[in-house]
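Notes follow the structure.
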Protein chains: 4
Amino acid sequence: MIIVMQSHATEADVDHVVKRIEELGLKAHLSKGVERTIIGVIGDERLVNREQLALLPHVESAIPILKPYKLASREFKPMNSVIDVAGVKFGGDKVTVIAGPCSVESEEQLLTIANAVKSAGAELLRGGAYKPRTSPYAFQGLGEDGLKLLALAKKQTGLGIVTEVMESAEVEMVAHYADLVQVGARNMHNTKLLRSLSRIKKPVLLKRNFSATLNEFLMSAEYLLSGGNDQVILCERGIRTFVEYTRNTLDLNLVPAVKLLSHLPIIVDPSHGTGRQDLIIPMSRAAIAAGADGLMIEVHPKPAEAFSDGEQSLTPDVFKQLMEEVRAVANAVRRSVA
Amino acid sequence: MIIVMQSHATEADVDHVVKRIEELGLKAHLSKGVERTIIGVIGDERLVNREQLALLPHVESAIPILKPYKLASREFKPMNSVIDVAGVKFGGDKVTVIAGPCSVESEEQLLTIANAVKSAGAELLRGGAYKPRTSPYAFQGLGEDGLKLLALAKKQTGLGIVTEVMESAEVEMVAHYADLVQVGARNMHNTKLLRSLSRIKKPVLLKRNFSATLNEFLMSAEYLLSGGNDQVILCERGIRTFVEYTRNTLDLNLVPAVKLLSHLPIIVDPSHGTGRQDLIIPMSRAAIAAGADGLMIEVHPKPAEAFSDGEQSLTPDVFKQLMEEVRAVANAVRRSVA
Amino acid sequence: MIIVMQSHATEADVDHVVKRIEELGLKAHLSKGVERTIIGVIGDERLVNREQLALLPHVESAIPILKPYKLASREFKPMNSVIDVAGVKFGGDKVTVIAGPCSVESEEQLLTIANAVKSAGAELLRGGAYKPRTSPYAFQGLGEDGLKLLALAKKQTGLGIVTEVMESAEVEMVAHYADLVQVGARNMHNTKLLRSLSRIKKPVLLKRNFSATLNEFLMSAEYLLSGGNDQVILCERGIRTFVEYTRNTLDLNLVPAVKLLSHLPIIVDPSHGTGRQDLIIPMSRAAIAAGADGLMIEVHPKPAEAFSDGEQSLTPDVFKQLMEEVRAVANAVRRSVA
Amino acid sequence: MIIVMQSHATEADVDHVVKRIEELGLKAHLSKGVERTIIGVIGDERLVNREQLALLPHVESAIPILKPYKLASREFKPMNSVIDVAGVKFGGDKVTVIAGPCSVESEEQLLTIANAVKSAGAELLRGGAYKPRTSPYAFQGLGEDGLKLLALAKKQTGLGIVTEVMESAEVEMVAHYADLVQVGARNMHNTKLLRSLSRIKKPVLLKRNFSATLNEFLMSAEYLLSGGNDQVILCERGIRTFVEYTRNTLDLNLVPAVKLLSHLPIIVDPSHGTGRQDLIIPMSRAAIAAGADGLMIEVHPKPAEAFSDGEQSLTPDVFKQLMEEVRAVANAVRRSVA
């Protein structure tokens, strides 16, 4: 950390800050400039509350130098983490596609979709049993019945299951059915849920909150890692901006930025990221070209009859086309798709 | 709802949409323009999934006409709701101030602050026992021990208690200690928590998520109201924007907008809203001038030693000055402060 | 400036940076930490291109310590600047209100409004003769004929004139008619226009661009000040965010922030800032409570027939009410309105 | 346009609106719902000021149905426009790359870069002679001397020239040297400049303002088209959001959205869009995968010594690698690069 003193700070003010730094078990190093004095703090600043120094008298600002996350950083672990989900790898040479309906609606709906996405090349099946909805009057998911239908689909198709858990009390149950437990964007900051998930032996798919900075996103991953679960896959799904022509603004810049800063795999969800059927194929191609390790795509045989998210669901035919186009781009960046 | 057909839609396309509208139990009303046909949907559109019409062939867009919330709207209840919290009213003629530390740290800290804010005119005591923190390495609150200290402070000062609950499993315990149960900004979309809180007999303070639209904010209130709890107080606490000189962007425009659209009281939290000690007094004055029903302010005797949020905490002396300035502005808008 | 070296930087890397700092006429001061070396740059960093140090080999980041503006800063000039516009002061004890139509439409329209706003207490008349419009098909202003009508209104009412200039070629003409020359939000970054305006002897009203940070806003003021024109009044008029219920998000937090960082007066335009008639009075009250030095308000006798911005224009009657409410709030913050 | 009446509007209120619609030369079509009456406006709503209807008594809202732009829309011109710049095509089968320094600094600098980018496959040379800078103390460009150096580079390499014009008074001079005249992001809303450029016979590269919506972007194009210049190329270069790890947020979603709504070509500038050398290659690949018609890339032999934008400039070697990677992705989406 760097402490910048105000221009009118006296030597006594500086001494006071230095003393406080030493009380916290760190060392101080002075640098007297023309306009102001700067104090370098030597030691692991992650263990200190920055504000406790920033608020000392005549301190102008306290600037962190280290990144706030440690276990999630590439400095801590230089090689890519490769996460295994029911035999399917994330973070290696291959690009992996997860597909399925927004909500599990019925056995027929789910099995139709599961078979269709499998034959097109998807390697995992997504489907929501617990749905966080903006409106209390909207469909909220089938609950455990939905999880049982997912188990049935897994049995019939062999596809591993990706599904969302919404609170810590349900972690055990959802993890029983899921191969990859999803933390939705609305729960990225839910520290109780993250703590619970840090203690299970299943991989976690952590979606970025729609207003999360990169630091905050990796700090949520740090909750999982520091609690003992190192099977974490990140997912970009769009941020909230002033833009009006997409439901969210899919922020593909995050993908190469995460690759520089972290060892964790990252996939992209262009269905939520754009909210529009007609943008999903080009943005899927772009995600893979940007370096994403996989995709998560919503598929529904009759989008106009879907219980939720119809506007961003592809029909099985269009999904098949998506897989072909994504395959070509993956090859162009020296990766492959199943 | 208004259905706008594409310019090349045929009569058969229009007939297909009309038929679907009628299947959903609504009526359709055609309006043929020069460039395209428009279909008015007659009936309660809140009961229909908009996407199921928007996705029909050759529909260009489906535009909702009604607001998505009902019980929270001023059309439903024209008069202001006045909510009673331990004998203190929100939403009437008076302006009410909640104050206290970000985190409950110790008996001494809490009682010192409680006595100070009471003597300055605060009517309720805030204090966090469960803290949602960005970093897993930061202080996460004293838990139930913190709640017990709040109960002690209430006994000694008579101030009612405002404190946060973080998940549905803890609603019962927190509601046992709290007079006003707070839903933090990170949990505004936590539908499980909202459902649990809709069943208790205590008032709820619902903070706006930092990326919530006004519709989404009122829809979270609608979860509480539709589940049976009509004691809801809203709280603006800053949104996330590109702006860099405040931690968040306190959006005071929301205050008069809520007053137009809803009957619920709304207060403002300039501590989180700005994140800066030196902006809290002017923005508190502005909040009351904009029509807010109250304020929530963080106070700490030694901000530089606070376990959390020191940078946005006022000392008791500065808080006393705030109360005086707020009182003058409240009088100027024909309201009063205790 | 602080140079943070990468954790694997060698002594030779550090020496290379130090040498470059010295070549630029500055001094370097080393601070060797546990994880990395930090170099303090001593001297006026505003004269150095930050990137030229940030891009040296094995530099992790180069962090500016000084603010990028100098003449606009309160450190440079601790006392408030008070700007005189046709005998009306901005930045002193009084709160000044500018009012008038969005566009000058006709002699009758302008004189009606000018007389009405004067009798309600406005001290300057605004009116657009050159209008930057989003649509090429919309009314673009009366041009110099509009300026002549403003001159006529000044003659009849004695109110000084505030009007916008859109490019440097028109500065001389507009400054001939205007007492306060306005730079619109779309032109805040127009450095050619700012350079031209820095050479005239008239005060300038600089509106914040809807995506400008505080630093960028003050840097545009710095263009005017460094070019020789120290008669600058700032104006907050709303920023672009995800929020949907206001046309822009009026950012009142800027007002006290500017007061801390700069000596320049700042006024608020709640008409553009909210874009809604029904929010203008409460947000005007809030602006004054936050510490603004004045307001700029759009008034039109028949908003439904205005050539532009009708939705955010007040009728003269409502404007009169605004003045009364603002007067009460100004008194509460120990200021006065004419 | 659709006029939604308030729920308590009377028949007389509705009649008043209908009469006003007819006075404006349009037809009205009523649709009486359960909760409110809706009026369809029949005729070309682009010719009417929406606010003049929205502000009539007891109107709740006036919702436009048609898009505000016409000449820029794909409905108006279904086939892609292909724009020829000095023999190089934009909008056809090929992907075109523009490259060069941020600022023209010297003959040696420019010729070195021009030769390097040409040999790597760039087809046009960019270089700024007039630079809009945030700081008045920063390098503002060589002016016409810079244009002359660009002419020299064109003569030596055969590469057509892309350079920015900053105000209408300089259009003629800049257009004399440029093959493609650039409107910078800060000037996208400069209607005076757009009007001047609509009258020249040179193609225009229109960059998106960092807070422009898609509608506003296409409306700026409409200024050019409606004034008589149909040689318009769009450029996405990043928007302003809360995100902190990129200088701007490159919004690739715009690319397929423009392709759906407009016939104009669109290219991407990942240098400004990300502001970071290390993200430019992956985001260039992604841009082409998303469907962009070209790229604009900043190249400098010694980024650490560049007069401007060094942090986002590639060395010639890295640019060569970019071209190879982009070529592979272009082929994967069935396009080619020179």
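Each chain in the structure tokens gets a letter, A, B, ..., in the order shown, and its residues are numbered from 1; ligands are numbered from 1 in order too.
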Using only C-alpha atoms, which residues of chain C come within 6 Å of chain B, and what is the closest atom pair for each, with the distance in Å to one decimal? Give it as JSON lines, sorted by chain and residue number.
```
{"residue": "C:Thr213", "atom": "CA", "partner": "B:Val243", "partner_atom": "CA", "distance": 5.8}
{"residue": "C:Val243", "atom": "CA", "partner": "B:Thr213", "partner_atom": "CA", "distance": 5.8}
{"residue": "C:Pro282", "atom": "CA", "partner": "B:Ala290", "partner_atom": "CA", "distance": 4.6}
{"residue": "C:Met283", "atom": "CA", "partner": "B:Ala290", "partner_atom": "CA", "distance": 5.7}
{"residue": "C:Arg285", "atom": "CA", "partner": "B:Ala289", "partner_atom": "CA", "distance": 5.4}
{"residue": "C:Ala286", "atom": "CA", "partner": "B:Ala286", "partner_atom": "CA", "distance": 4.1}
{"residue": "C:Ala289", "atom": "CA", "partner": "B:Ala286", "partner_atom": "CA", "distance": 4.8}
{"residue": "C:Ala290", "atom": "CA", "partner": "B:Pro282", "partner_atom": "CA", "distance": 4.6}
{"residue": "C:Ala328", "atom": "CA", "partner": "B:Ala332", "partner_atom": "CA", "distance": 5.2}
{"residue": "C:Val329", "atom": "CA", "partner": "B:Ala332", "partner_atom": "CA", "distance": 5.4}
{"residue": "C:Ala332", "atom": "CA", "partner": "B:Ala328", "partner_atom": "CA", "distance": 5.2}
```
Please extract the residues of range 1-68 of chain A with a backbone DSSP assignment of strand (DSSP E or B) and present them as an mmCIF file with all heavy atoms, in the first residue's frame.
```
data_model
loop_
_atom_site.group_PDB
_atom_site.id
_atom_site.type_symbol
_atom_site.label_atom_id
_atom_site.label_comp_id
_atom_site.auth_asym_id
_atom_site.auth_seq_id
_atom_site.Cartn_x
_atom_site.Cartn_y
_atom_site.Cartn_z
ATOM 1 N N ILE A 2 0.373 2.299 -0.652
ATOM 2 C CA ILE A 2 1.058 3.584 -0.685
ATOM 3 C C ILE A 2 0.189 4.592 0.054
ATOM 4 O O ILE A 2 -0.994 4.717 -0.251
ATOM 5 C CB ILE A 2 1.216 4.084 -2.139
ATOM 6 C CG1 ILE A 2 2.028 3.108 -2.982
ATOM 7 C CG2 ILE A 2 1.811 5.484 -2.169
ATOM 8 C CD1 ILE A 2 3.485 3.091 -2.640
ATOM 9 N N ILE A 3 0.763 5.278 1.021
ATOM 10 C CA ILE A 3 0.023 6.330 1.720
ATOM 11 C C ILE A 3 0.493 7.673 1.177
ATOM 12 O O ILE A 3 1.692 7.979 1.255
ATOM 13 C CB ILE A 3 0.300 6.298 3.243
ATOM 14 C CG1 ILE A 3 0.143 4.885 3.819
ATOM 15 C CG2 ILE A 3 -0.559 7.318 3.976
ATOM 16 C CD1 ILE A 3 -1.236 4.337 3.752
ATOM 17 N N VAL A 4 -0.434 8.448 0.628
ATOM 18 C CA VAL A 4 -0.097 9.786 0.138
ATOM 19 C C VAL A 4 -0.562 10.793 1.186
ATOM 20 O O VAL A 4 -1.741 10.849 1.518
ATOM 21 C CB VAL A 4 -0.798 10.067 -1.207
ATOM 22 C CG1 VAL A 4 -0.410 11.448 -1.733
ATOM 23 C CG2 VAL A 4 -0.462 8.978 -2.210
ATOM 24 N N MET A 5 0.372 11.576 1.723
ATOM 25 C CA MET A 5 0.019 12.581 2.730
ATOM 26 C C MET A 5 -0.505 13.842 2.032
ATOM 27 O O MET A 5 -0.159 14.114 0.882
ATOM 28 C CB MET A 5 1.249 12.938 3.585
ATOM 29 C CG MET A 5 1.864 11.760 4.339
ATOM 30 S SD MET A 5 0.746 10.934 5.532
ATOM 31 C CE MET A 5 0.474 12.256 6.760
ATOM 32 N N LYS A 27 6.025 -2.466 7.842
ATOM 33 C CA LYS A 27 7.091 -1.472 7.858
ATOM 34 C C LYS A 27 6.731 -0.291 6.970
ATOM 35 O O LYS A 27 6.009 -0.450 5.987
ATOM 36 C CB LYS A 27 8.402 -2.101 7.349
ATOM 37 C CG LYS A 27 9.065 -2.991 8.364
ATOM 38 C CD LYS A 27 10.424 -3.434 7.868
ATOM 39 C CE LYS A 27 10.946 -4.617 8.688
ATOM 40 N NZ LYS A 27 12.015 -5.329 7.980
ATOM 41 N N ALA A 28 7.263 0.870 7.323
ATOM 42 C CA ALA A 28 6.989 2.077 6.543
ATOM 43 C C ALA A 28 8.268 2.547 5.884
ATOM 44 O O ALA A 28 9.363 2.379 6.431
ATOM 45 C CB ALA A 28 6.449 3.171 7.454
ATOM 46 N N HIS A 29 8.139 3.151 4.709
ATOM 47 C CA HIS A 29 9.300 3.642 3.974
ATOM 48 C C HIS A 29 8.940 5.002 3.393
ATOM 49 O O HIS A 29 8.039 5.121 2.571
ATOM 50 C CB HIS A 29 9.649 2.646 2.864
ATOM 51 C CG HIS A 29 10.924 2.970 2.192
ATOM 52 N ND1 HIS A 29 10.998 3.797 1.110
ATOM 53 C CD2 HIS A 29 12.197 2.598 2.476
ATOM 54 C CE1 HIS A 29 12.263 3.912 0.733
ATOM 55 N NE2 HIS A 29 13.001 3.191 1.549
ATOM 56 N N LEU A 30 9.643 6.044 3.825
ATOM 57 C CA LEU A 30 9.283 7.417 3.447
ATOM 58 C C LEU A 30 9.897 7.853 2.126
ATOM 59 O O LEU A 30 11.018 7.481 1.802
ATOM 60 C CB LEU A 30 9.773 8.407 4.504
ATOM 61 C CG LEU A 30 9.158 8.329 5.878
ATOM 62 C CD1 LEU A 30 9.481 9.599 6.658
ATOM 63 C CD2 LEU A 30 7.656 8.164 5.764
ATOM 64 N N SER A 31 9.159 8.702 1.427
ATOM 65 C CA SER A 31 9.646 9.299 0.186
ATOM 66 C C SER A 31 9.114 10.728 0.162
ATOM 67 O O SER A 31 7.921 10.951 -0.022
ATOM 68 C CB SER A 31 9.095 8.457 -0.975
ATOM 69 O OG SER A 31 9.406 9.052 -2.198
ATOM 70 N N LYS A 32 10.025 11.690 0.371
ATOM 71 C CA LYS A 32 9.581 13.076 0.468
ATOM 72 C C LYS A 32 9.666 13.753 -0.893
ATOM 73 O O LYS A 32 10.771 13.932 -1.428
ATOM 74 C CB LYS A 32 10.425 13.835 1.505
ATOM 75 C CG LYS A 32 10.238 13.256 2.890
ATOM 76 C CD LYS A 32 10.811 14.129 4.000
ATOM 77 C CE LYS A 32 10.640 13.364 5.320
ATOM 78 N NZ LYS A 32 11.074 14.095 6.495
ATOM 79 N N THR A 37 4.632 14.168 0.928
ATOM 80 C CA THR A 37 5.364 12.980 1.339
ATOM 81 C C THR A 37 4.527 11.745 1.045
ATOM 82 O O THR A 37 3.307 11.741 1.213
ATOM 83 C CB THR A 37 5.662 13.052 2.847
ATOM 84 O OG1 THR A 37 6.551 14.138 3.056
ATOM 85 C CG2 THR A 37 6.288 11.759 3.357
ATOM 86 N N ILE A 38 5.236 10.698 0.625
ATOM 87 C CA ILE A 38 4.578 9.437 0.310
ATOM 88 C C ILE A 38 5.200 8.359 1.186
ATOM 89 O O ILE A 38 6.415 8.343 1.395
ATOM 90 C CB ILE A 38 4.749 9.138 -1.196
ATOM 91 C CG1 ILE A 38 3.789 10.048 -1.970
ATOM 92 C CG2 ILE A 38 4.492 7.683 -1.508
ATOM 93 C CD1 ILE A 38 4.178 10.228 -3.383
ATOM 94 N N ILE A 39 4.338 7.469 1.706
ATOM 95 C CA ILE A 39 4.844 6.417 2.589
ATOM 96 C C ILE A 39 4.530 5.054 1.971
ATOM 97 O O ILE A 39 3.359 4.731 1.730
ATOM 98 C CB ILE A 39 4.170 6.497 3.984
ATOM 99 C CG1 ILE A 39 4.306 7.929 4.552
ATOM 100 C CG2 ILE A 39 4.766 5.460 4.934
ATOM 101 C CD1 ILE A 39 3.534 8.142 5.843
ATOM 102 N N GLY A 40 5.555 4.286 1.689
ATOM 103 C CA GLY A 40 5.353 2.929 1.201
ATOM 104 C C GLY A 40 5.147 1.993 2.383
ATOM 105 O O GLY A 40 5.887 2.054 3.356
ATOM 106 N N VAL A 41 4.106 1.147 2.283
ATOM 107 C CA VAL A 41 3.843 0.193 3.356
ATOM 108 C C VAL A 41 4.399 -1.153 2.911
ATOM 109 O O VAL A 41 4.024 -1.659 1.854
ATOM 110 C CB VAL A 41 2.329 0.085 3.632
ATOM 111 C CG1 VAL A 41 2.058 -0.919 4.732
ATOM 112 C CG2 VAL A 41 1.762 1.451 3.985
ATOM 113 N N ILE A 42 5.281 -1.714 3.721
ATOM 114 C CA ILE A 42 5.954 -2.952 3.326
ATOM 115 C C ILE A 42 5.435 -4.099 4.176
ATOM 116 O O ILE A 42 5.457 -4.043 5.406
ATOM 117 C CB ILE A 42 7.491 -2.773 3.466
ATOM 118 C CG1 ILE A 42 7.930 -1.620 2.530
ATOM 119 C CG2 ILE A 42 8.223 -4.061 3.127
ATOM 120 C CD1 ILE A 42 9.379 -1.223 2.683
ATOM 121 N N VAL A 59 -3.907 12.277 5.953
ATOM 122 C CA VAL A 59 -3.651 11.334 4.862
ATOM 123 C C VAL A 59 -4.582 11.715 3.710
ATOM 124 O O VAL A 59 -5.775 11.914 3.919
ATOM 125 C CB VAL A 59 -3.930 9.883 5.310
ATOM 126 C CG1 VAL A 59 -3.986 8.938 4.105
ATOM 127 C CG2 VAL A 59 -2.867 9.438 6.303
ATOM 128 N N GLU A 60 -4.035 11.860 2.503
ATOM 129 C CA GLU A 60 -4.896 12.187 1.365
ATOM 130 C C GLU A 60 -5.506 10.928 0.762
ATOM 131 O O GLU A 60 -6.677 10.872 0.479
ATOM 132 C CB GLU A 60 -4.103 12.925 0.289
ATOM 133 C CG GLU A 60 -5.010 13.336 -0.863
ATOM 134 C CD GLU A 60 -4.397 14.430 -1.693
ATOM 135 O OE1 GLU A 60 -4.059 15.482 -1.135
ATOM 136 O OE2 GLU A 60 -4.247 14.235 -2.914
ATOM 137 N N SER A 61 -4.691 9.891 0.588
ATOM 138 C CA SER A 61 -5.265 8.648 0.084
ATOM 139 C C SER A 61 -4.350 7.484 0.415
ATOM 140 O O SER A 61 -3.165 7.663 0.702
ATOM 141 C CB SER A 61 -5.487 8.729 -1.428
ATOM 142 O OG SER A 61 -4.273 8.975 -2.076
ATOM 143 N N ALA A 62 -4.951 6.292 0.415
ATOM 144 C CA ALA A 62 -4.197 5.057 0.655
ATOM 145 C C ALA A 62 -4.486 4.158 -0.530
ATOM 146 O O ALA A 62 -5.632 3.773 -0.746
ATOM 147 C CB ALA A 62 -4.633 4.406 1.964
ATOM 148 N N ILE A 63 -3.456 3.877 -1.310
ATOM 149 C CA ILE A 63 -3.636 3.192 -2.591
ATOM 150 C C ILE A 63 -3.115 1.759 -2.486
ATOM 151 O O ILE A 63 -1.929 1.548 -2.242
ATOM 152 C CB ILE A 63 -2.859 3.936 -3.702
ATOM 153 C CG1 ILE A 63 -3.305 5.403 -3.766
ATOM 154 C CG2 ILE A 63 -3.032 3.241 -5.042
ATOM 155 C CD1 ILE A 63 -2.378 6.292 -4.582
#
```
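Excluding range 173-178 of chain A itself and same-chain residues fewer than 3 positions from it, the residues having an atom within 9 Å of it are Glu144, Leu147, Lys148, Leu150, Ala151, Gly160, Ile161, Val162, Thr163, Glu164, Val165, Ala169, Glu170, Val181, Gln182, Ile200, Lys201 and Lys202 of chain A, counting only C-alpha atoms.
Within 8 Å of range 81-93 of chain D there are Glu123, Gly160, Asp179, Leu180, Pro203, Gln231, Val232, Ile233, His263, Leu264, Pro265, Ile266, Asp293, Gly294, Arg335 and Ser336 of chain D, counting only C-alpha atoms and ignoring same-chain residues fewer than 4 positions away.
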message: Residues within 10 Å of Asn115 in chain C, please, as an MDAnalysis selection string. Count only C-alpha atoms; anything in the same chain fewer than 6 positions from it doesn't count.
response: chainID C and resid 100 122 125 153 156:159 316
Those same residues, written as an mmCIF file, in the first residue's frame with N, CA, C and O atoms?
```cif
data_model
loop_
_atom_site.group_PDB
_atom_site.id
_atom_site.type_symbol
_atom_site.label_atom_id
_atom_site.label_comp_id
_atom_site.auth_asym_id
_atom_site.auth_seq_id
_atom_site.Cartn_x
_atom_site.Cartn_y
_atom_site.Cartn_z
ATOM 1 N N GLY C 100 -35.839 30.154 -18.872
ATOM 2 C CA GLY C 100 -36.251 30.527 -20.217
ATOM 3 C C GLY C 100 -36.570 29.294 -21.032
ATOM 4 O O GLY C 100 -36.494 28.172 -20.519
ATOM 5 N N ALA C 122 -36.267 35.049 -11.580
ATOM 6 C CA ALA C 122 -35.090 34.641 -12.355
ATOM 7 C C ALA C 122 -34.248 35.881 -12.644
ATOM 8 O O ALA C 122 -34.790 36.977 -12.835
ATOM 9 N N LEU C 125 -31.827 35.211 -18.502
ATOM 10 C CA LEU C 125 -32.734 34.549 -19.452
ATOM 11 C C LEU C 125 -31.949 33.577 -20.319
ATOM 12 O O LEU C 125 -30.965 33.961 -20.939
ATOM 13 N N ALA C 153 -35.300 40.814 -26.043
ATOM 14 C CA ALA C 153 -35.828 40.454 -24.719
ATOM 15 C C ALA C 153 -34.977 41.071 -23.619
ATOM 16 O O ALA C 153 -35.488 41.519 -22.590
ATOM 17 N N GLN C 156 -35.924 44.704 -23.313
ATOM 18 C CA GLN C 156 -37.228 44.951 -22.693
ATOM 19 C C GLN C 156 -37.268 44.578 -21.211
ATOM 20 O O GLN C 156 -38.015 45.167 -20.449
ATOM 21 N N THR C 157 -36.509 43.567 -20.803
ATOM 22 C CA THR C 157 -36.621 43.080 -19.421
ATOM 23 C C THR C 157 -35.403 43.403 -18.573
ATOM 24 O O THR C 157 -35.465 43.312 -17.346
ATOM 25 N N GLY C 158 -34.299 43.725 -19.201
ATOM 26 C CA GLY C 158 -33.075 43.935 -18.439
ATOM 27 C C GLY C 158 -32.367 42.651 -18.030
ATOM 28 O O GLY C 158 -31.305 42.690 -17.404
ATOM 29 N N LEU C 159 -32.931 41.507 -18.388
ATOM 30 C CA LEU C 159 -32.289 40.229 -18.023
ATOM 31 C C LEU C 159 -31.081 39.956 -18.921
ATOM 32 O O LEU C 159 -31.187 40.043 -20.147
ATOM 33 N N PRO C 316 -45.135 28.913 -16.615
ATOM 34 C CA PRO C 316 -44.755 30.022 -15.726
ATOM 35 C C PRO C 316 -45.329 29.861 -14.318
ATOM 36 O O PRO C 316 -44.641 30.183 -13.335
#
```
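For the pair CA of Gly310 in chain C and CA of Gly25 in chain D, the interatomic distance is 20.3 Å.
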